[in-house]
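Asker: Next up, entry-v5.cif (mmCIF, C-alpha atoms and all ligand atoms).
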```cif
data_run
#
loop_
_atom_site.group_PDB
_atom_site.id
_atom_site.type_symbol
_atom_site.label_atom_id
_atom_site.label_comp_id
_atom_site.auth_asym_id
_atom_site.auth_seq_id
_atom_site.Cartn_x
_atom_site.Cartn_y
_atom_site.Cartn_z
ATOM 1 C CA MET A 11 -196.082 -57.529 -68.721
ATOM 2 C CA ASN A 12 -196.974 -60.589 -66.621
ATOM 3 C CA GLU A 13 -195.644 -64.096 -65.956
ATOM 4 C CA GLU A 14 -197.039 -65.315 -69.294
ATOM 5 C CA GLN A 15 -196.157 -62.326 -71.471
ATOM 6 C CA LEU A 16 -192.734 -60.942 -70.614
ATOM 7 C CA SER A 17 -191.272 -57.712 -71.961
ATOM 8 C CA LYS A 18 -189.118 -58.156 -75.084
ATOM 9 C CA ARG A 19 -186.032 -57.614 -72.878
ATOM 10 C CA LEU A 20 -186.949 -60.246 -70.268
ATOM 11 C CA GLU A 21 -188.131 -62.660 -72.968
ATOM 12 C CA LYS A 22 -184.682 -62.518 -74.540
ATOM 13 C CA VAL A 23 -183.079 -63.045 -71.108
ATOM 14 C CA ALA A 24 -185.403 -66.037 -70.545
ATOM 15 C CA SER A 25 -184.514 -67.520 -73.947
ATOM 16 C CA TYR A 26 -181.072 -68.458 -72.580
ATOM 17 C CA ILE A 27 -182.669 -70.749 -69.956
ATOM 18 C CA LYS A 28 -182.985 -74.014 -71.859
ATOM 19 C CA THR A 29 -184.443 -77.127 -70.136
ATOM 20 C CA ASN A 30 -185.096 -78.166 -66.546
ATOM 21 C CA GLU A 31 -182.498 -75.790 -65.194
ATOM 22 C CA ARG A 32 -182.245 -74.849 -61.530
ATOM 23 C CA ILE A 33 -182.146 -71.083 -61.617
ATOM 24 C CA ALA A 34 -181.603 -68.196 -59.198
ATOM 25 C CA ASP A 35 -183.109 -64.872 -60.293
ATOM 26 C CA ILE A 36 -181.414 -62.166 -58.242
ATOM 27 C CA GLY A 37 -183.349 -58.891 -57.994
ATOM 28 C CA SER A 38 -186.512 -60.684 -58.987
ATOM 29 C CA ASP A 39 -189.038 -57.885 -58.338
ATOM 30 C CA HIS A 40 -192.393 -59.417 -59.473
ATOM 31 C CA ALA A 41 -190.846 -62.859 -60.065
ATOM 32 C CA TYR A 42 -192.184 -62.795 -63.634
ATOM 33 C CA LEU A 43 -189.022 -64.392 -65.024
ATOM 34 C CA PRO A 44 -188.920 -67.468 -62.728
ATOM 35 C CA CYS A 45 -192.706 -67.962 -63.122
ATOM 36 C CA PHE A 46 -192.330 -67.814 -66.917
ATOM 37 C CA ALA A 47 -189.370 -70.247 -66.901
ATOM 38 C CA ILE A 48 -191.165 -72.770 -64.664
ATOM 39 C CA LYS A 49 -194.397 -72.562 -66.706
ATOM 40 C CA ASN A 50 -192.436 -73.100 -69.915
ATOM 41 C CA LYS A 51 -190.465 -75.964 -68.321
ATOM 42 C CA THR A 52 -187.118 -74.403 -69.107
ATOM 43 C CA ALA A 53 -186.560 -74.350 -65.330
ATOM 44 C CA SER A 54 -187.563 -77.049 -62.861
ATOM 45 C CA PHE A 55 -186.717 -75.067 -59.702
ATOM 46 C CA ALA A 56 -186.079 -71.412 -58.963
ATOM 47 C CA VAL A 57 -184.925 -69.158 -56.169
ATOM 48 C CA ALA A 58 -186.292 -65.616 -56.526
ATOM 49 C CA GLY A 59 -184.032 -63.302 -54.491
ATOM 50 C CA GLU A 60 -184.999 -59.760 -53.499
ATOM 51 C CA VAL A 61 -183.380 -57.360 -51.073
ATOM 52 C CA VAL A 62 -186.174 -54.742 -50.856
ATOM 53 C CA ASP A 63 -189.355 -55.483 -48.909
ATOM 54 C CA GLY A 64 -191.944 -54.164 -51.442
ATOM 55 C CA PRO A 65 -190.651 -56.132 -54.471
ATOM 56 C CA PHE A 66 -190.035 -59.150 -52.196
ATOM 57 C CA LYS A 67 -193.727 -59.147 -51.174
ATOM 58 C CA SER A 68 -194.813 -58.656 -54.821
ATOM 59 C CA ALA A 69 -192.690 -61.657 -55.811
ATOM 60 C CA GLN A 70 -194.223 -63.782 -53.023
ATOM 61 C CA LYS A 71 -197.742 -62.768 -54.103
ATOM 62 C CA GLN A 72 -197.041 -63.487 -57.786
ATOM 63 C CA VAL A 73 -195.637 -66.952 -57.034
ATOM 64 C CA ARG A 74 -198.639 -67.748 -54.779
ATOM 65 C CA THR A 75 -201.251 -66.579 -57.317
ATOM 66 C CA SER A 76 -199.464 -68.521 -60.088
ATOM 67 C CA GLY A 77 -199.667 -71.674 -57.931
ATOM 68 C CA LEU A 78 -195.890 -72.197 -58.168
ATOM 69 C CA THR A 79 -194.853 -72.218 -54.484
ATOM 70 C CA ASP A 80 -193.578 -75.816 -54.798
ATOM 71 C CA GLN A 81 -191.089 -74.893 -57.517
ATOM 72 C CA ILE A 82 -190.186 -71.272 -56.690
ATOM 73 C CA ASP A 83 -188.738 -70.241 -53.355
ATOM 74 C CA VAL A 84 -188.898 -66.468 -52.825
ATOM 75 C CA ARG A 85 -186.139 -65.375 -50.450
ATOM 76 C CA LYS A 86 -185.275 -62.004 -49.001
ATOM 77 C CA GLY A 87 -181.593 -61.125 -49.002
ATOM 78 C CA ASN A 88 -178.710 -59.254 -50.559
ATOM 79 C CA GLY A 89 -177.368 -60.586 -53.858
ATOM 80 C CA LEU A 90 -176.177 -64.193 -53.972
ATOM 81 C CA GLU A 91 -176.544 -64.727 -50.197
ATOM 82 C CA VAL A 92 -180.036 -66.167 -50.856
ATOM 83 C CA ILE A 93 -178.479 -69.166 -52.667
ATOM 84 C CA GLU A 94 -177.873 -72.290 -50.557
ATOM 85 C CA LYS A 95 -175.665 -75.260 -51.442
ATOM 86 C CA ASP A 96 -178.596 -77.703 -51.472
ATOM 87 C CA ASP A 97 -180.361 -75.590 -54.135
ATOM 88 C CA LYS A 98 -177.859 -76.980 -56.673
ATOM 89 C CA ILE A 99 -178.322 -73.871 -58.797
ATOM 90 C CA ASP A 100 -176.875 -74.168 -62.294
ATOM 91 C CA THR A 101 -178.029 -70.853 -63.791
ATOM 92 C CA ILE A 102 -177.935 -67.383 -62.233
ATOM 93 C CA VAL A 103 -179.906 -64.518 -63.772
ATOM 94 C CA ILE A 104 -179.282 -60.891 -62.789
ATOM 95 C CA ALA A 105 -181.245 -58.421 -64.925
ATOM 96 C CA GLY A 106 -182.318 -54.804 -64.891
ATOM 97 C CA MET A 107 -179.575 -53.291 -62.721
ATOM 98 C CA GLY A 108 -176.440 -51.290 -63.494
ATOM 99 C CA GLY A 109 -173.278 -53.160 -64.477
ATOM 100 C CA THR A 110 -171.435 -51.843 -61.423
ATOM 101 C CA LEU A 111 -174.076 -53.202 -59.023
ATOM 102 C CA ILE A 112 -174.168 -56.588 -60.798
ATOM 103 C CA ARG A 113 -170.360 -56.760 -60.566
ATOM 104 C CA THR A 114 -170.492 -55.984 -56.823
ATOM 105 C CA ILE A 115 -173.090 -58.749 -56.349
ATOM 106 C CA LEU A 116 -170.784 -61.225 -58.164
ATOM 107 C CA GLU A 117 -167.726 -60.111 -56.190
ATOM 108 C CA GLU A 118 -169.479 -60.245 -52.819
ATOM 109 C CA GLY A 119 -171.007 -63.644 -53.569
ATOM 110 C CA ALA A 120 -167.963 -65.226 -55.252
ATOM 111 C CA GLU A 121 -168.145 -68.434 -53.173
ATOM 112 C CA LYS A 122 -171.733 -69.060 -54.371
ATOM 113 C CA LEU A 123 -170.553 -69.447 -57.976
ATOM 114 C CA ALA A 124 -168.999 -72.914 -57.457
ATOM 115 C CA GLY A 125 -171.102 -75.384 -59.461
ATOM 116 C CA VAL A 126 -172.855 -72.670 -61.477
ATOM 117 C CA SER A 127 -172.556 -73.410 -65.207
ATOM 118 C CA LYS A 128 -174.186 -70.310 -66.682
ATOM 119 C CA MET A 129 -174.945 -66.697 -65.822
ATOM 120 C CA ILE A 130 -177.359 -64.547 -67.789
ATOM 121 C CA LEU A 131 -176.642 -60.893 -67.030
ATOM 122 C CA GLN A 132 -178.552 -57.891 -68.329
ATOM 123 C CA PRO A 133 -176.895 -54.665 -67.219
ATOM 124 C CA ASN A 134 -178.848 -51.469 -67.982
ATOM 125 C CA ILE A 135 -175.595 -49.499 -68.163
ATOM 126 C CA ALA A 136 -171.817 -50.124 -67.923
ATOM 127 C CA ALA A 137 -171.839 -53.620 -69.457
ATOM 128 C CA TRP A 138 -168.026 -53.338 -69.742
ATOM 129 C CA GLN A 139 -167.810 -53.871 -65.960
ATOM 130 C CA LEU A 140 -169.097 -57.427 -66.432
ATOM 131 C CA ARG A 141 -166.772 -58.194 -69.333
ATOM 132 C CA GLU A 142 -163.854 -56.999 -67.243
ATOM 133 C CA TRP A 143 -165.104 -59.169 -64.340
ATOM 134 C CA SER A 144 -165.371 -62.165 -66.711
ATOM 135 C CA GLU A 145 -161.732 -61.753 -67.738
ATOM 136 C CA LYS A 146 -160.508 -61.425 -64.143
ATOM 137 C CA ASN A 147 -162.501 -64.477 -63.035
ATOM 138 C CA ASN A 148 -162.144 -66.699 -66.138
ATOM 139 C CA TRP A 149 -165.714 -66.807 -67.357
ATOM 140 C CA LEU A 150 -166.168 -67.040 -71.106
ATOM 141 C CA ILE A 151 -168.732 -64.843 -72.876
ATOM 142 C CA SER A 152 -170.660 -67.528 -74.757
ATOM 143 C CA SER A 153 -173.371 -65.220 -76.156
ATOM 144 C CA GLU A 154 -174.391 -61.608 -76.220
ATOM 145 C CA ALA A 155 -177.493 -59.819 -77.437
ATOM 146 C CA ILE A 156 -178.474 -56.206 -77.982
ATOM 147 C CA LEU A 157 -182.047 -55.067 -78.457
ATOM 148 C CA ARG A 158 -184.231 -51.991 -78.425
ATOM 149 C CA GLU A 159 -187.464 -51.746 -76.462
ATOM 150 C CA ASP A 160 -189.475 -48.594 -75.712
ATOM 151 C CA ASN A 161 -186.660 -46.492 -77.155
ATOM 152 C CA LYS A 162 -184.080 -47.956 -74.741
ATOM 153 C CA ILE A 163 -181.233 -50.218 -75.764
ATOM 154 C CA TYR A 164 -180.383 -53.252 -73.639
ATOM 155 C CA GLU A 165 -177.397 -55.597 -73.682
ATOM 156 C CA ILE A 166 -177.421 -59.187 -72.454
ATOM 157 C CA ILE A 167 -174.251 -61.102 -71.619
ATOM 158 C CA VAL A 168 -174.188 -64.881 -71.116
ATOM 159 C CA LEU A 169 -171.195 -66.275 -69.221
ATOM 160 C CA GLU A 170 -169.910 -69.814 -68.769
ATOM 161 C CA PRO A 171 -166.955 -70.870 -66.592
ATOM 162 C CA SER A 172 -163.809 -71.491 -68.602
ATOM 163 C CA GLN A 173 -160.960 -73.975 -67.970
ATOM 164 C CA LYS A 174 -158.628 -71.805 -70.029
ATOM 165 C CA GLU A 175 -157.505 -68.276 -69.249
ATOM 166 C CA VAL A 176 -159.949 -65.714 -70.631
ATOM 167 C CA THR A 177 -158.548 -62.558 -72.220
ATOM 168 C CA TRP A 178 -160.340 -59.788 -74.056
ATOM 169 C CA THR A 179 -158.960 -56.852 -76.007
ATOM 170 C CA LYS A 180 -159.852 -53.336 -74.808
ATOM 171 C CA GLN A 181 -162.246 -53.109 -77.755
ATOM 172 C CA GLU A 182 -163.958 -56.382 -76.787
ATOM 173 C CA ILE A 183 -164.404 -55.215 -73.176
ATOM 174 C CA PHE A 184 -165.887 -51.932 -74.338
ATOM 175 C CA PHE A 185 -168.213 -53.192 -77.100
ATOM 176 C CA GLY A 186 -168.616 -56.905 -76.332
ATOM 177 C CA PRO A 187 -166.798 -59.632 -78.333
ATOM 178 C CA CYS A 188 -169.952 -61.123 -79.883
ATOM 179 C CA LEU A 189 -171.697 -57.773 -80.455
ATOM 180 C CA LEU A 190 -168.546 -56.413 -82.079
ATOM 181 C CA LYS A 191 -168.453 -59.304 -84.544
ATOM 182 C CA GLU A 192 -172.147 -59.052 -85.330
ATOM 183 C CA GLN A 193 -172.337 -55.210 -85.606
ATOM 184 C CA SER A 194 -176.140 -55.144 -85.756
ATOM 185 C CA ALA A 195 -178.117 -52.024 -86.655
ATOM 186 C CA VAL A 196 -179.061 -51.540 -82.964
ATOM 187 C CA PHE A 197 -175.382 -51.818 -81.955
ATOM 188 C CA LYS A 198 -174.387 -49.157 -84.506
ATOM 189 C CA SER A 199 -177.241 -46.902 -83.462
ATOM 190 C CA LYS A 200 -176.304 -47.196 -79.752
ATOM 191 C CA TRP A 201 -172.666 -46.253 -80.290
ATOM 192 C CA ARG A 202 -173.423 -43.450 -82.756
ATOM 193 C CA HIS A 203 -175.767 -41.981 -80.177
ATOM 194 C CA GLU A 204 -173.183 -42.361 -77.366
ATOM 195 C CA ALA A 205 -170.458 -40.711 -79.477
ATOM 196 C CA ASN A 206 -172.768 -37.775 -80.319
ATOM 197 C CA THR A 207 -173.590 -37.326 -76.629
ATOM 198 C CA TRP A 208 -169.876 -37.308 -75.714
ATOM 199 C CA GLN A 209 -169.178 -34.794 -78.506
ATOM 200 C CA ASN A 210 -171.854 -32.479 -77.101
ATOM 201 C CA ILE A 211 -170.359 -32.796 -73.607
ATOM 202 C CA ILE A 212 -166.923 -31.858 -74.980
ATOM 203 C CA GLN A 213 -168.410 -28.782 -76.648
ATOM 204 C CA THR A 214 -170.166 -27.709 -73.446
ATOM 205 C CA ILE A 215 -167.041 -28.179 -71.316
ATOM 206 C CA SER A 216 -164.818 -26.423 -73.887
ATOM 207 C CA SER A 217 -167.078 -23.369 -74.007
ATOM 208 C CA ASN A 218 -166.226 -22.698 -70.360
ATOM 209 C CA GLN A 219 -162.792 -21.037 -70.618
ATOM 210 C CA PRO A 220 -160.283 -21.443 -69.064
ATOM 211 C CA ILE A 221 -160.590 -25.219 -68.979
ATOM 212 C CA SER A 222 -159.633 -26.721 -65.615
ATOM 213 C CA ASP A 223 -157.198 -29.665 -65.432
ATOM 214 C CA GLU A 224 -160.076 -31.881 -64.346
ATOM 215 C CA ASN A 225 -162.171 -30.895 -67.369
ATOM 216 C CA GLN A 226 -159.162 -31.278 -69.679
ATOM 217 C CA ALA A 227 -158.753 -34.860 -68.434
ATOM 218 C CA LYS A 228 -162.476 -35.467 -69.002
ATOM 219 C CA ILE A 229 -162.176 -34.151 -72.576
ATOM 220 C CA HIS A 230 -159.218 -36.500 -73.239
ATOM 221 C CA GLU A 231 -161.170 -39.444 -71.892
ATOM 222 C CA LEU A 232 -164.229 -38.648 -74.043
ATOM 223 C CA GLU A 233 -162.083 -38.057 -77.144
ATOM 224 C CA HIS A 234 -160.494 -41.468 -76.576
ATOM 225 C CA LYS A 235 -163.902 -43.118 -76.316
ATOM 226 C CA ILE A 236 -165.123 -41.326 -79.452
ATOM 227 C CA SER A 237 -162.062 -42.567 -81.367
ATOM 228 C CA LEU A 238 -162.791 -46.144 -80.202
ATOM 229 C CA VAL A 239 -166.316 -45.813 -81.589
ATOM 230 C CA GLU A 240 -165.112 -44.233 -84.848
ATOM 231 C CA ASP A 241 -162.622 -47.087 -85.340
ATOM 232 C CA VAL A 242 -165.362 -49.658 -84.977
ATOM 233 C CA LEU A 243 -168.077 -47.923 -87.006
ATOM 234 C CA LYS A 244 -165.919 -46.787 -89.934
HETATM 235 N N1 LIG B 1 -184.931 -58.416 -62.603
HETATM 236 C C1 LIG B 1 -186.154 -57.692 -62.866
HETATM 237 C C2 LIG B 1 -186.185 -57.230 -64.294
HETATM 238 O O1 LIG B 1 -185.144 -57.316 -64.960
HETATM 239 O O2 LIG B 1 -187.227 -56.759 -64.754
HETATM 240 C C3 LIG B 1 -186.298 -56.519 -61.923
HETATM 241 C C4 LIG B 1 -185.368 -55.372 -62.172
HETATM 242 S S1 LIG B 1 -185.560 -54.106 -60.979
HETATM 243 C C5 LIG B 1 -185.185 -52.686 -61.882
HETATM 244 C C6 LIG B 1 -184.139 -54.368 -59.953
HETATM 245 C C7 LIG B 1 -184.507 -55.153 -58.707
HETATM 246 O O3 LIG B 1 -183.302 -55.588 -58.086
HETATM 247 C C8 LIG B 1 -185.262 -54.324 -57.703
HETATM 248 O O4 LIG B 1 -186.438 -54.992 -57.320
HETATM 249 C C9 LIG B 1 -184.260 -54.185 -56.546
HETATM 250 O O5 LIG B 1 -184.912 -54.135 -55.296
HETATM 251 C C10 LIG B 1 -183.439 -55.442 -56.692
HETATM 252 N N2 LIG B 1 -182.074 -55.388 -56.135
HETATM 253 C C11 LIG B 1 -181.202 -54.348 -56.182
HETATM 254 N N3 LIG B 1 -180.060 -54.669 -55.555
HETATM 255 C C12 LIG B 1 -180.196 -55.942 -55.114
HETATM 256 C C13 LIG B 1 -179.359 -56.830 -54.376
HETATM 257 N N4 LIG B 1 -178.139 -56.468 -53.987
HETATM 258 N N5 LIG B 1 -179.836 -58.061 -54.086
HETATM 259 C C14 LIG B 1 -181.083 -58.433 -54.469
HETATM 260 N N6 LIG B 1 -181.916 -57.630 -55.152
HETATM 261 C C15 LIG B 1 -181.485 -56.405 -55.473
#
```
Let's see the structure in the file written out as structure tokens.
Ligand code: SAM
Answerer:
Amino acid sequence: MNEEQLSKRLEKVASYIKTNERIADIGSDHAYLPCFAIKNKTASFAVAGEVVDGPFKSAQKQVRTSGLTDQIDVRKGNGLEVIEKDDKIDTIVIAGMGGTLIRTILEEGAEKLAGVSKMILQPNIAAWQLREWSEKNNWLISSEAILREDNKIYEIIVLEPSQKEVTWTKQEIFFGPCLLKEQSAVFKSKWRHEANTWQNIIQTISSNQPISDENQAKIHELEHKISLVEDVLK
């Protein structure tokens, strides 16, 4: 992977950046995504934010060697704190982290979201956290994608601020409203695999008699999740 040839996952994330957008890529690592977006003219300006020194220096180096220091500002900082009002950011990208961490970044940086018209989020796990956040904060899920790369499955969620109240069903929070409608082969494969894993966990826990109250509660929770999956895949 480099700034010209992104991974399939990052390429799909980048495909939601359309034309001349002012983007902030939070957790930018090598800054491949902002370099790619500037080179392809989907973005006209980018902030690449990184909290860890090593990836921050890699991002700086990448932007320098790509000759893009005029259009990409690499900034060290936690989450959305790297965004300044004068940046006039319209698109925020947060990719390659867990859903819980992305949610914390959005909650801690809530005041930086004023004026932002799109967020492209790619949680590696716990995507439901972001759908729940979108409902609580009135952001509409305008698109979702699911894809497989190197035997891992990734979900992408695109959010836009909504004037109307946003509500999702429990099923939509869990599976994703767009992904649920589409029911692609990758979607089915992901949830079949998850349900099998949960079934195996139940068997392992149940073989340890007597079952503690804590484990009994865990079994109930997993059985509930399996029934959600069965309802959707039947
Ligand atoms: N976004 C790139 C991608 O999708 O390929 C890099 C993903 S990498 C696995 C996650 C990056 O996020 C790491 O470089 C990590 O240092 C950075 N990161 C984690 N928490 C962060 C935070 N609160 N603020 C900024 N960057 C963060």
Asker: Could you tell me, as a ChimeraX atom specification, exactly which residues end up selected when the PyMOL selection byres (((not hetatm)) within 10 of (chain B and resi 1)) is applied to this structure?
Answerer: /A:11,16-17,19-20,23,35-44,58-66,68-69,85-92,103-108,111-112,114-116,118,131-134
Asker: For C-alpha atoms, I'd like the residues from the last selection saved as a PDB file, in the frame of the given file.
Answerer:
```
ATOM      1  CA  MET A  11    -196.082 -57.529 -68.721  1.00  0.00           C
ATOM      2  CA  LEU A  16    -192.734 -60.942 -70.614  1.00  0.00           C
ATOM      3  CA  SER A  17    -191.272 -57.712 -71.961  1.00  0.00           C
ATOM      4  CA  ARG A  19    -186.032 -57.614 -72.878  1.00  0.00           C
ATOM      5  CA  LEU A  20    -186.949 -60.246 -70.268  1.00  0.00           C
ATOM      6  CA  VAL A  23    -183.079 -63.045 -71.108  1.00  0.00           C
ATOM      7  CA  ASP A  35    -183.109 -64.872 -60.293  1.00  0.00           C
ATOM      8  CA  ILE A  36    -181.414 -62.166 -58.242  1.00  0.00           C
ATOM      9  CA  GLY A  37    -183.349 -58.891 -57.994  1.00  0.00           C
ATOM     10  CA  SER A  38    -186.512 -60.684 -58.987  1.00  0.00           C
ATOM     11  CA  ASP A  39    -189.038 -57.885 -58.338  1.00  0.00           C
ATOM     12  CA  HIS A  40    -192.393 -59.417 -59.473  1.00  0.00           C
ATOM     13  CA  ALA A  41    -190.846 -62.859 -60.065  1.00  0.00           C
ATOM     14  CA  TYR A  42    -192.184 -62.795 -63.634  1.00  0.00           C
ATOM     15  CA  LEU A  43    -189.022 -64.392 -65.024  1.00  0.00           C
ATOM     16  CA  PRO A  44    -188.920 -67.468 -62.728  1.00  0.00           C
ATOM     17  CA  ALA A  58    -186.292 -65.616 -56.526  1.00  0.00           C
ATOM     18  CA  GLY A  59    -184.032 -63.302 -54.491  1.00  0.00           C
ATOM     19  CA  GLU A  60    -184.999 -59.760 -53.499  1.00  0.00           C
ATOM     20  CA  VAL A  61    -183.380 -57.360 -51.073  1.00  0.00           C
ATOM     21  CA  VAL A  62    -186.174 -54.742 -50.856  1.00  0.00           C
ATOM     22  CA  ASP A  63    -189.355 -55.483 -48.909  1.00  0.00           C
ATOM     23  CA  GLY A  64    -191.944 -54.164 -51.442  1.00  0.00           C
ATOM     24  CA  PRO A  65    -190.651 -56.132 -54.471  1.00  0.00           C
ATOM     25  CA  PHE A  66    -190.035 -59.150 -52.196  1.00  0.00           C
ATOM     26  CA  SER A  68    -194.813 -58.656 -54.821  1.00  0.00           C
ATOM     27  CA  ALA A  69    -192.690 -61.657 -55.811  1.00  0.00           C
ATOM     28  CA  ARG A  85    -186.139 -65.375 -50.450  1.00  0.00           C
ATOM     29  CA  LYS A  86    -185.275 -62.004 -49.001  1.00  0.00           C
ATOM     30  CA  GLY A  87    -181.593 -61.125 -49.002  1.00  0.00           C
ATOM     31  CA  ASN A  88    -178.710 -59.254 -50.559  1.00  0.00           C
ATOM     32  CA  GLY A  89    -177.368 -60.586 -53.858  1.00  0.00           C
ATOM     33  CA  LEU A  90    -176.177 -64.193 -53.972  1.00  0.00           C
ATOM     34  CA  GLU A  91    -176.544 -64.727 -50.197  1.00  0.00           C
ATOM     35  CA  VAL A  92    -180.036 -66.167 -50.856  1.00  0.00           C
ATOM     36  CA  VAL A 103    -179.906 -64.518 -63.772  1.00  0.00           C
ATOM     37  CA  ILE A 104    -179.282 -60.891 -62.789  1.00  0.00           C
ATOM     38  CA  ALA A 105    -181.245 -58.421 -64.925  1.00  0.00           C
ATOM     39  CA  GLY A 106    -182.318 -54.804 -64.891  1.00  0.00           C
ATOM     40  CA  MET A 107    -179.575 -53.291 -62.721  1.00  0.00           C
ATOM     41  CA  GLY A 108    -176.440 -51.290 -63.494  1.00  0.00           C
ATOM     42  CA  LEU A 111    -174.076 -53.202 -59.023  1.00  0.00           C
ATOM     43  CA  ILE A 112    -174.168 -56.588 -60.798  1.00  0.00           C
ATOM     44  CA  THR A 114    -170.492 -55.984 -56.823  1.00  0.00           C
ATOM     45  CA  ILE A 115    -173.090 -58.749 -56.349  1.00  0.00           C
ATOM     46  CA  LEU A 116    -170.784 -61.225 -58.164  1.00  0.00           C
ATOM     47  CA  GLU A 118    -169.479 -60.245 -52.819  1.00  0.00           C
ATOM     48  CA  LEU A 131    -176.642 -60.893 -67.030  1.00  0.00           C
ATOM     49  CA  GLN A 132    -178.552 -57.891 -68.329  1.00  0.00           C
ATOM     50  CA  PRO A 133    -176.895 -54.665 -67.219  1.00  0.00           C
ATOM     51  CA  ASN A 134    -178.848 -51.469 -67.982  1.00  0.00           C
TER      52      ASN A 134
END
```
Asker: Could you pull the residues within 7 Å of Glu31 in chain A, counting all atoms listed in the file, minus those fewer than 5 positions along the same chain, as a PyMOL selection string?
Answerer: chain A and resi 52-55+100-101
Asker: Do you know which residues are at most 10 Å from Glu233 in chain A counting all atoms listed in the file, after dropping those on the same chain fewer than 6 positions away, and could you put them as a PyMOL selection string?
Answerer: chain A and resi 205+208-209+212+227+239
Asker: Store the residues picked out above in a file with C-alpha atoms, as a PDB file, in the coordinates of the input.
Answerer:
```pdb
ATOM      1  CA  ALA A 205    -170.458 -40.711 -79.477  1.00  0.00           C
ATOM      2  CA  TRP A 208    -169.876 -37.308 -75.714  1.00  0.00           C
ATOM      3  CA  GLN A 209    -169.178 -34.794 -78.506  1.00  0.00           C
ATOM      4  CA  ILE A 212    -166.923 -31.858 -74.980  1.00  0.00           C
ATOM      5  CA  ALA A 227    -158.753 -34.860 -68.434  1.00  0.00           C
ATOM      6  CA  VAL A 239    -166.316 -45.813 -81.589  1.00  0.00           C
TER       7      VAL A 239
END
```
Asker: Which one is closest to Cys188 in chain A: A:Asp96, A:Glu165, A:Glu240, A:Glu117? Count all atoms listed in the file.
Answerer: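 Using all atoms listed in the file, the shortest distance to Cys188 in chain A belongs to A:Glu165.
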Asker: Using all atoms listed in the file, which residue out of A:Lys122, A:His230, A:Lys146, A:Lys22 lies closest to Ile102 in chain A?
Answerer: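 Closest candidate: A:Lys122.
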Asker: Restricting the calculation to all atoms listed in the file: of A:Val57, A:Ala120, A:Ala137, A:Ile130, which residue gets closest to Ala24 in chain A?
Answerer: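 Nearest candidate to Ala24 in chain A out of A:Val57, A:Ala120, A:Ala137, A:Ile130: A:Ile130.
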Asker: How far is it from CA of Ile33 in chain A to CA of Tyr164 in chain A, in Å with one decimal?
Answerer: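 Atom-to-atom, CA of Ile33 in chain A and CA of Tyr164 in chain A are spaced 21.6 Å apart.
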Asker: Give me the residues within 9 Å of Phe197 in chain A as a PDB file with C-alpha atoms, in the frame of the given file, counting all atoms listed in the file and dropping any in the same chain fewer than 6 places off.
Answerer:
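Okay, result_19.pdb is ready:
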```pdb
ATOM      1  CA  ILE A 156    -178.474 -56.206 -77.982  1.00  0.00           C
ATOM      2  CA  LEU A 157    -182.047 -55.067 -78.457  1.00  0.00           C
ATOM      3  CA  ILE A 163    -181.233 -50.218 -75.764  1.00  0.00           C
ATOM      4  CA  PHE A 185    -168.213 -53.192 -77.100  1.00  0.00           C
ATOM      5  CA  LEU A 189    -171.697 -57.773 -80.455  1.00  0.00           C
ATOM      6  CA  LEU A 190    -168.546 -56.413 -82.079  1.00  0.00           C
TER       7      LEU A 190
END
```
Asker: Using only C-alpha atoms, which of A:Cys45, A:Ile167, A:Ala34, A:Leu238 sits nearest Asp80 in chain A?
Answerer: A:Cys45
Asker: From the options A:Ala56, A:Met129, A:Leu169, A:Ile211, which residue's atoms come nearest to Ile236 in chain A, counting only C-alpha atoms?
Answerer: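 When distances to Ile236 in chain A are compared using only C-alpha atoms, the smallest one comes from A:Ile211.
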Asker: A:Gly119, A:Gln173, A:Ile82, A:Ser222: which is nearest Arg32 in chain A, counting all atoms listed in the file?
Answerer: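 Of A:Gly119, A:Gln173, A:Ile82, A:Ser222, the one nearest Arg32 in chain A, counting all atoms listed in the file, is A:Ile82.
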Asker: Find the distance between CA of Asp83 in chain A and CA of Ile48 in chain A and write it in Å to one decimal.
Answerer: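 Between these atoms lies a distance of 11.8 Å.
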Asker: Residues picked by the PyMOL selection byres (((chain A and resi 138) around 10) and not hetatm) here, as a CSV table (one decimal) with C-alpha atoms, keeping the file's coordinate frame?
Answerer:
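The result, stored in result14.csv:
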```csv
chain,number,residue,atom,x,y,z
A,109,GLY,CA,-173.3,-53.2,-64.5
A,110,THR,CA,-171.4,-51.8,-61.4
A,133,PRO,CA,-176.9,-54.7,-67.2
A,135,ILE,CA,-175.6,-49.5,-68.2
A,136,ALA,CA,-171.8,-50.1,-67.9
A,137,ALA,CA,-171.8,-53.6,-69.5
A,139,GLN,CA,-167.8,-53.9,-66.0
A,140,LEU,CA,-169.1,-57.4,-66.4
A,141,ARG,CA,-166.8,-58.2,-69.3
A,142,GLU,CA,-163.9,-57.0,-67.2
A,143,TRP,CA,-165.1,-59.2,-64.3
A,144,SER,CA,-165.4,-62.2,-66.7
A,180,LYS,CA,-159.9,-53.3,-74.8
A,181,GLN,CA,-162.2,-53.1,-77.8
A,182,GLU,CA,-164.0,-56.4,-76.8
A,183,ILE,CA,-164.4,-55.2,-73.2
A,184,PHE,CA,-165.9,-51.9,-74.3
A,185,PHE,CA,-168.2,-53.2,-77.1
A,186,GLY,CA,-168.6,-56.9,-76.3
```
